[in-house]
Structures are given as C-alpha cells and as structure tokens.
Amino acid sequence: MGTSWNEEGTSFYSLSCQDRRHSKHIHDNVHGNIYLDPFFLKLVDTEQFQRLRDLKQLGLTQMVYPGAVHSRFEHSLGVYWLAGEAVHTIKAHQGSEINIERNDIRTVKLAGLLHDVGHGPFSHLFEQEFLPRVLKGSKWSHEDMSVKMIDYIVDAHYIEIDSAILKNVKEMVLASSETASQKIMSEKRFLYDIVANGRNGIDVDKFDYIVRDSRACGLGCNFQFQRLLETMRVMGDEICYRAKDYLTIHKLFATRADLHRTVYTHAKVKAIELMVVDALTLANDELSISASIHEPAKFCKLDDSILRQIETSDKQELKKARDLILRIRRRDLYQFCNEYSVPKDKQENFKDITPQDIVCSQENGGTTLKEEDVAVSIVKIDLTRGSSNPLESIKFFQDYESDYKFPIRDDGISHLLPTFCQDMIVRVYSKKPELVGAVSEAFENFQLKTYGMKAQVHDTPEKKKRRK
C-alpha cells in the first residue's frame, strides 16, 4: 500500500511533544535532531535512497583525509532539514505577506531530501571525468538522473503525490543545473532558490556540505550559515540579505573555494582519481558501467563498491584494471611532478592541455616519453561565478524597515577581498615513478614554449626525480 502526500506532516516550528513521537528521530552530527514524518520516511526507507549510504560524499578524498567517510545519505538528510528551516523562517517572518502554504514547505523539503539520488560513484568524478572519457561528448548530469530517479521511486513504491507538486520538486532539483527550466513559475520563484540556487549560488546544499565536509576532514570552519538563515528576507520574489552580512556571504564562497583547493582537488586526491578513472575505463567494456546511466533500475545498482567488484574479480579481462587498483592499495600512485596557475590574462582563451602537449615538448636525446606515461589534470576553482564577483548577483537590503534592494558594487566592498575570483591550475603526473624527471623536464619546456617562462612556482624536487 502506498504512502500519501496528504498524510499529516510535522515541522520544526509546529511540532509538539506528541507530534514528535510520531516522527522518526535521527541525531545528526552537524544539525542535531532531525525529524522525518511518515511521508518522508517512506522515501528514505527505499532501496534507491538507501543506496546513498554507499556513495561517499567526497569520493576518494578519504584516501588522503581518513575522516572523510561520510556519505550522501547524511548530506541529503541535512539538506532536507535545512530546506525546512529556511522556508519555515521565511514563513514565520513573512507568512502573511507572501502566503507560504503547507504544500510549499513540504515541496521544498522533498527537493532537499531527493536532490542527490541520481549521483554516481566517487562524487563528481563519475560524470565529469569518467563518462566524458568513455562516451565522447557526454552531457549526462547527476541532476538530470535525480529527476529520473524521483519518478522511478514514486512509481516503484506507489507513492501518492500530486503531479504538479512532483513537477515543482523536480524543477527545484534542476534549478542550478545547465538543464534548468527557463519557464519556472513566476509565482513564489524564491522557493526554487533554497535547495539549488541557480540565481546566485547561495543555497542550503552548500550550507550543509561546507560544514559537514570541513568537520569530517578535521578542518576548522568559521562560516556560520545560521546568521544568513535567520536574517534572509524575500523581496520582489527574491531572497535578499542584510547589507552588513556581505562579508559572511563572501566567506561562504571563499570557504567553498578553499575546500576545493585543499581537499577536493588535493594533488594526491587527484592522482588517485586519475588512476580510478583509468581503472574504470579499462573495466567499462567488461562491466558495462556506462551502459547503466540511462535506466534508473540499472543505475541504482551502481555505487562506490564497483572498485571492490573489479578488485575481487578473477576475470582476465579485468586484470589491467585490477592491477591499477592494487597500485592504489599499495600507495604506488601516479607521481605528481609539478603545477602552475594559468596567468589571469590567459584564462579566457585557455585551451585544455593534453599528455600529447607535454610529450611533444620533450628534448631529443633523453628518455623517450609516450602519451600513456603522462597524465594531466586541469583544476578550475572559483567563487561559483567564474571570474565574476559572486556578490554582484546578490541583492541586499539595509534594514527590515526598508523595501529597497540593491547589489553591492566592487568599489563598495572591503579592499581586502580579491579582485579576481577564479584560479586555473595545470598539474602534470608521471604514471611511472622512474619517469618523473623526464616528465618534469618536458613540462618545464612546455611552459617555456607557451609563456616564454617557467610559470611553476618551484622546480620538481631532485629526490623525486631520482626515484626508481
């Protein structure tokens, strides 16, 4: 028998002690007590949602930061809770003004709960690096797959929900993706900015993962999302923030960028990711990994355990992939040679650098490199808006008595904040430790040929070059 959307729900502000006894109580290590009413619990207790327990939030980062073993399961619960907190706060302060209804609250919470059900293994590696390698020109995204999975869950478990509400949930999930609908309903447009904000990037998804990831990795986090959550205000169908909180907002984006640099794209993490992409590519024909991305029934069987499946197989067709995974287990990784930041004036017309570019830069007479000896990683880090200042797309208000909203110009902010908001880093790895010297030399030659100078900050250590 299915579960109905119309079953009585609960919320942070309306729960009585008696109500809470009828809700599922979960203690989260970031947000404390989280409560799920029967409708949401029905969705959580499906094999499709439980699959998120087997997808590490930070993919392979735990190979460098051992504490980063949290999953998309707890992140999704956290986003569900914060989505409810956000819309309840708006309702408490402006409910009579903007007419937030019970279905609005539950729609936003449902989008928060299900926003990641379409995620592939190993965080964003699956869609950004593996699929483009094996499916040329692939535009597959976890947001699009989440929409398909939502329909699949509703159908497979006979969950009764109004089709118009379900449509809104899916549009909220897609709101910050490239396939976001340009025809999102104009009424209560601000509701679509709570879970995945395509308008300015401030959303509860970031609120949760920034704090959760920082804590899991043992890093400090002085960004306090509660301040923004408690003081935001809807003006002209757009969520706006107090002008005096602009530094807090900038800290949100700066903390995210710092996590990208020090955690998500750590040089060792990227080395392991490059090896896993190679292993998955080698195993793809035998295991039909990429063939599962279009059908939810097949896709929901795909999770981080795919590495273990390769590792424990005795099939000869998987030997090369198995050997690569064994190298990872034994910490025999692709060797990081060096990196440089692409000059600011070269970023706009930057052309991706390939192993062929590095190999073609080697000098005659030395070790002969092949393309398969070299791996290149291009790391792009920004504040969510490319080279643009994210504050330019955010509206602020002076105080609660004012009805005027405005952006903050560059010349009106602290001069300690950066004037350029994007970094692009080129990293080169040697797949064999004995070739580090030759790869490093070829990489230096490439820089000299491209920029007329060595763009890297320092030379590759001689000790690493001599390693055999």
# chains A, B, ... in the order shown; residues from 1 in each chain; ligands from 1
$ residues_around --residues "stretch 331-343 of chain A" --least-positions-apart "3" --cutoff "10 Å" --atoms "only C-alpha atoms" --output "number ranges by chain"
A: 63, 267-268, 270-275, 324-328, 346-348, 350, 373-380, 423-441, 443-444, 447, 451, 454-461, 464-465
$ residues_around --residues "A:Glu238" --least-positions-apart "6" --cutoff "10 Å" --atoms "only C-alpha atoms" --output "PDB file with all heavy atoms, in the first residue's frame"
ATOM      1  N   LYS A 188       6.131  32.780  -6.468  1.00  0.00           N
ATOM      2  CA  LYS A 188       6.985  32.167  -5.447  1.00  0.00           C
ATOM      3  C   LYS A 188       8.277  31.616  -6.054  1.00  0.00           C
ATOM      4  O   LYS A 188       8.749  30.536  -5.698  1.00  0.00           O
ATOM      5  CB  LYS A 188       6.226  31.055  -4.709  1.00  0.00           C
ATOM      6  CG  LYS A 188       4.963  31.537  -4.002  1.00  0.00           C
ATOM      7  CD  LYS A 188       4.229  30.414  -3.307  1.00  0.00           C
ATOM      8  CE  LYS A 188       2.918  30.915  -2.704  1.00  0.00           C
ATOM      9  NZ  LYS A 188       2.139  29.808  -2.064  1.00  0.00           N
ATOM     10  N   ARG A 189       8.862  32.375  -6.954  1.00  0.00           N
ATOM     11  CA  ARG A 189      10.118  31.975  -7.603  1.00  0.00           C
ATOM     12  C   ARG A 189      11.222  31.750  -6.571  1.00  0.00           C
ATOM     13  O   ARG A 189      12.118  30.920  -6.779  1.00  0.00           O
ATOM     14  CB  ARG A 189      10.530  33.066  -8.602  1.00  0.00           C
ATOM     15  CG  ARG A 189      11.906  32.882  -9.233  1.00  0.00           C
ATOM     16  CD  ARG A 189      11.949  31.667 -10.140  1.00  0.00           C
ATOM     17  NE  ARG A 189      13.239  31.509 -10.779  1.00  0.00           N
ATOM     18  CZ  ARG A 189      14.308  30.954 -10.219  1.00  0.00           C
ATOM     19  NH1 ARG A 189      14.231  30.508  -8.974  1.00  0.00           N
ATOM     20  NH2 ARG A 189      15.445  30.831 -10.880  1.00  0.00           N
ATOM     21  N   PHE A 190      11.161  32.446  -5.444  1.00  0.00           N
ATOM     22  CA  PHE A 190      12.199  32.345  -4.425  1.00  0.00           C
ATOM     23  C   PHE A 190      12.310  30.939  -3.845  1.00  0.00           C
ATOM     24  O   PHE A 190      13.379  30.540  -3.353  1.00  0.00           O
ATOM     25  CB  PHE A 190      11.931  33.356  -3.286  1.00  0.00           C
ATOM     26  CG  PHE A 190      10.684  33.071  -2.500  1.00  0.00           C
ATOM     27  CD1 PHE A 190      10.718  32.275  -1.367  1.00  0.00           C
ATOM     28  CD2 PHE A 190       9.458  33.608  -2.896  1.00  0.00           C
ATOM     29  CE1 PHE A 190       9.570  32.008  -0.642  1.00  0.00           C
ATOM     30  CE2 PHE A 190       8.305  33.348  -2.180  1.00  0.00           C
ATOM     31  CZ  PHE A 190       8.357  32.541  -1.052  1.00  0.00           C
ATOM     32  N   LEU A 191      11.229  30.163  -3.888  1.00  0.00           N
ATOM     33  CA  LEU A 191      11.269  28.802  -3.345  1.00  0.00           C
ATOM     34  C   LEU A 191      12.273  27.931  -4.106  1.00  0.00           C
ATOM     35  O   LEU A 191      12.828  26.976  -3.561  1.00  0.00           O
ATOM     36  CB  LEU A 191       9.881  28.160  -3.402  1.00  0.00           C
ATOM     37  CG  LEU A 191       8.807  28.753  -2.478  1.00  0.00           C
ATOM     38  CD1 LEU A 191       7.458  28.094  -2.746  1.00  0.00           C
ATOM     39  CD2 LEU A 191       9.199  28.588  -1.006  1.00  0.00           C
ATOM     40  N   TYR A 192      12.514  28.278  -5.372  1.00  0.00           N
ATOM     41  CA  TYR A 192      13.422  27.495  -6.207  1.00  0.00           C
ATOM     42  C   TYR A 192      14.886  27.835  -5.944  1.00  0.00           C
ATOM     43  O   TYR A 192      15.783  27.225  -6.525  1.00  0.00           O
ATOM     44  CB  TYR A 192      13.090  27.715  -7.686  1.00  0.00           C
ATOM     45  CG  TYR A 192      11.740  27.163  -8.070  1.00  0.00           C
ATOM     46  CD1 TYR A 192      10.571  27.852  -7.743  1.00  0.00           C
ATOM     47  CD2 TYR A 192      11.619  25.953  -8.727  1.00  0.00           C
ATOM     48  CE1 TYR A 192       9.320  27.345  -8.061  1.00  0.00           C
ATOM     49  CE2 TYR A 192      10.379  25.432  -9.063  1.00  0.00           C
ATOM     50  CZ  TYR A 192       9.228  26.133  -8.729  1.00  0.00           C
ATOM     51  OH  TYR A 192       7.996  25.624  -9.042  1.00  0.00           O
ATOM     52  N   ASP A 193      15.128  28.818  -5.093  1.00  0.00           N
ATOM     53  CA  ASP A 193      16.497  29.228  -4.773  1.00  0.00           C
ATOM     54  C   ASP A 193      16.975  28.660  -3.438  1.00  0.00           C
ATOM     55  O   ASP A 193      18.093  28.945  -3.013  1.00  0.00           O
ATOM     56  CB  ASP A 193      16.595  30.761  -4.710  1.00  0.00           C
ATOM     57  CG  ASP A 193      16.309  31.417  -6.046  1.00  0.00           C
ATOM     58  OD1 ASP A 193      16.492  30.745  -7.078  1.00  0.00           O
ATOM     59  OD2 ASP A 193      15.891  32.590  -6.063  1.00  0.00           O
ATOM     60  N   ARG A 199      20.427  31.207  -9.271  1.00  0.00           N
ATOM     61  CA  ARG A 199      20.418  32.657  -9.443  1.00  0.00           C
ATOM     62  C   ARG A 199      21.689  33.292  -8.878  1.00  0.00           C
ATOM     63  O   ARG A 199      22.307  34.124  -9.519  1.00  0.00           O
ATOM     64  CB  ARG A 199      19.171  33.236  -8.769  1.00  0.00           C
ATOM     65  CG  ARG A 199      18.977  34.693  -9.049  1.00  0.00           C
ATOM     66  CD  ARG A 199      17.539  35.136  -9.123  1.00  0.00           C
ATOM     67  NE  ARG A 199      16.595  34.554  -8.198  1.00  0.00           N
ATOM     68  CZ  ARG A 199      15.306  34.911  -8.142  1.00  0.00           C
ATOM     69  NH1 ARG A 199      14.871  35.863  -8.953  1.00  0.00           N
ATOM     70  NH2 ARG A 199      14.466  34.339  -7.319  1.00  0.00           N
ATOM     71  N   ILE A 394      23.881  39.144  -6.134  1.00  0.00           N
ATOM     72  CA  ILE A 394      23.094  39.016  -4.899  1.00  0.00           C
ATOM     73  C   ILE A 394      22.480  40.365  -4.557  1.00  0.00           C
ATOM     74  O   ILE A 394      23.115  41.413  -4.699  1.00  0.00           O
ATOM     75  CB  ILE A 394      23.995  38.539  -3.740  1.00  0.00           C
ATOM     76  CG1 ILE A 394      24.590  37.163  -4.087  1.00  0.00           C
ATOM     77  CG2 ILE A 394      23.212  38.454  -2.430  1.00  0.00           C
ATOM     78  CD1 ILE A 394      25.743  36.761  -3.198  1.00  0.00           C
ATOM     79  N   LYS A 395      21.254  40.334  -4.103  1.00  0.00           N
ATOM     80  CA  LYS A 395      20.579  41.570  -3.694  1.00  0.00           C
ATOM     81  C   LYS A 395      20.583  41.680  -2.162  1.00  0.00           C
ATOM     82  O   LYS A 395      20.380  40.696  -1.450  1.00  0.00           O
ATOM     83  CB  LYS A 395      19.138  41.581  -4.207  1.00  0.00           C
ATOM     84  CG  LYS A 395      19.030  41.616  -5.723  1.00  0.00           C
ATOM     85  CD  LYS A 395      19.632  42.897  -6.300  1.00  0.00           C
ATOM     86  CE  LYS A 395      19.263  43.071  -7.772  1.00  0.00           C
ATOM     87  NZ  LYS A 395      19.766  41.994  -8.612  1.00  0.00           N
ATOM     88  N   LYS A 405      15.989  47.068  -2.457  1.00  0.00           N
ATOM     89  CA  LYS A 405      17.047  46.065  -2.552  1.00  0.00           C
ATOM     90  C   LYS A 405      18.080  46.531  -3.575  1.00  0.00           C
ATOM     91  O   LYS A 405      17.746  47.222  -4.542  1.00  0.00           O
ATOM     92  CB  LYS A 405      16.475  44.705  -2.957  1.00  0.00           C
ATOM     93  CG  LYS A 405      15.770  44.659  -4.302  1.00  0.00           C
ATOM     94  CD  LYS A 405      15.280  43.250  -4.622  1.00  0.00           C
ATOM     95  CE  LYS A 405      14.592  43.219  -5.991  1.00  0.00           C
ATOM     96  NZ  LYS A 405      14.152  41.859  -6.364  1.00  0.00           N
TER      97      LYS A 405
END
$ select_by_dssp --residues "stretch 187-401 of chain A" --states "strand (DSSP E or B)" --output "PyMOL selection string"
chain A and resi 233-235+238-242+335-341+374-382+396-397
$ write_last_selection --atoms "C-alpha atoms" --output "PDB file, in the first residue's frame"
ATOM      1  CA  ARG A 233      14.184  38.134   3.554  1.00  0.00           C
ATOM      2  CA  VAL A 234      12.071  37.771   0.418  1.00  0.00           C
ATOM      3  CA  MET A 235      11.839  40.967  -1.611  1.00  0.00           C
ATOM      4  CA  GLU A 238      13.918  37.004  -4.494  1.00  0.00           C
ATOM      5  CA  ILE A 239      15.757  36.059  -1.315  1.00  0.00           C
ATOM      6  CA  CYS A 240      17.812  39.034  -0.152  1.00  0.00           C
ATOM      7  CA  TYR A 241      20.305  39.547   2.653  1.00  0.00           C
ATOM      8  CA  ARG A 242      21.258  42.324   5.027  1.00  0.00           C
ATOM      9  CA  GLN A 335      53.572  10.776  -9.223  1.00  0.00           C
ATOM     10  CA  PHE A 336      52.782  14.477  -9.038  1.00  0.00           C
ATOM     11  CA  CYS A 337      55.504  16.284 -10.980  1.00  0.00           C
ATOM     12  CA  ASN A 338      54.566  19.953 -10.822  1.00  0.00           C
ATOM     13  CA  GLU A 339      51.864  22.538 -11.416  1.00  0.00           C
ATOM     14  CA  TYR A 340      51.340  26.116 -12.400  1.00  0.00           C
ATOM     15  CA  SER A 341      48.499  28.614 -12.274  1.00  0.00           C
ATOM     16  CA  VAL A 374      51.704  11.153 -18.669  1.00  0.00           C
ATOM     17  CA  ALA A 375      48.504  12.346 -17.005  1.00  0.00           C
ATOM     18  CA  VAL A 376      47.302  15.950 -16.989  1.00  0.00           C
ATOM     19  CA  SER A 377      44.750  17.419 -14.582  1.00  0.00           C
ATOM     20  CA  ILE A 378      43.165  20.835 -15.137  1.00  0.00           C
ATOM     21  CA  VAL A 379      41.749  22.211 -11.891  1.00  0.00           C
ATOM     22  CA  LYS A 380      39.331  25.134 -12.017  1.00  0.00           C
ATOM     23  CA  ILE A 381      38.425  26.852  -8.770  1.00  0.00           C
ATOM     24  CA  ASP A 382      36.148  29.864  -8.489  1.00  0.00           C
ATOM     25  CA  PHE A 396      20.887  43.202  -0.277  1.00  0.00           C
ATOM     26  CA  PHE A 397      18.721  45.397   1.936  1.00  0.00           C
TER      27      PHE A 397
END
$ atom_distance --atom1 "atom CA of A:Gly201" --atom2 "atom CA of A:Ala257"
12.8 Å
$ closest_residue --among "A:Arg322, A:His157, A:Lys315, A:Arg256" --to "A:Leu280" --atoms "only C-alpha atoms"
A:Arg322
$ closest_residue --among "A:Tyr404, A:Phe130, A:Tyr152, A:Phe207" --to "A:Cys221" --atoms "only C-alpha atoms"
A:Phe207
$ residues_around --residues "stretch 306-313 of chain A" --least-positions-apart "3" --cutoff "12 Å" --atoms "only C-alpha atoms" --output "MDAnalysis selection string"
chainID A and resid 54:55 59:60 120:122 126 275:284 286:289 301:303 316:329
$ closest_residue --among "A:Ser23, A:Leu229, A:Asn200, A:Gly236" --to "A:Glu187" --atoms "only C-alpha atoms"
A:Gly236
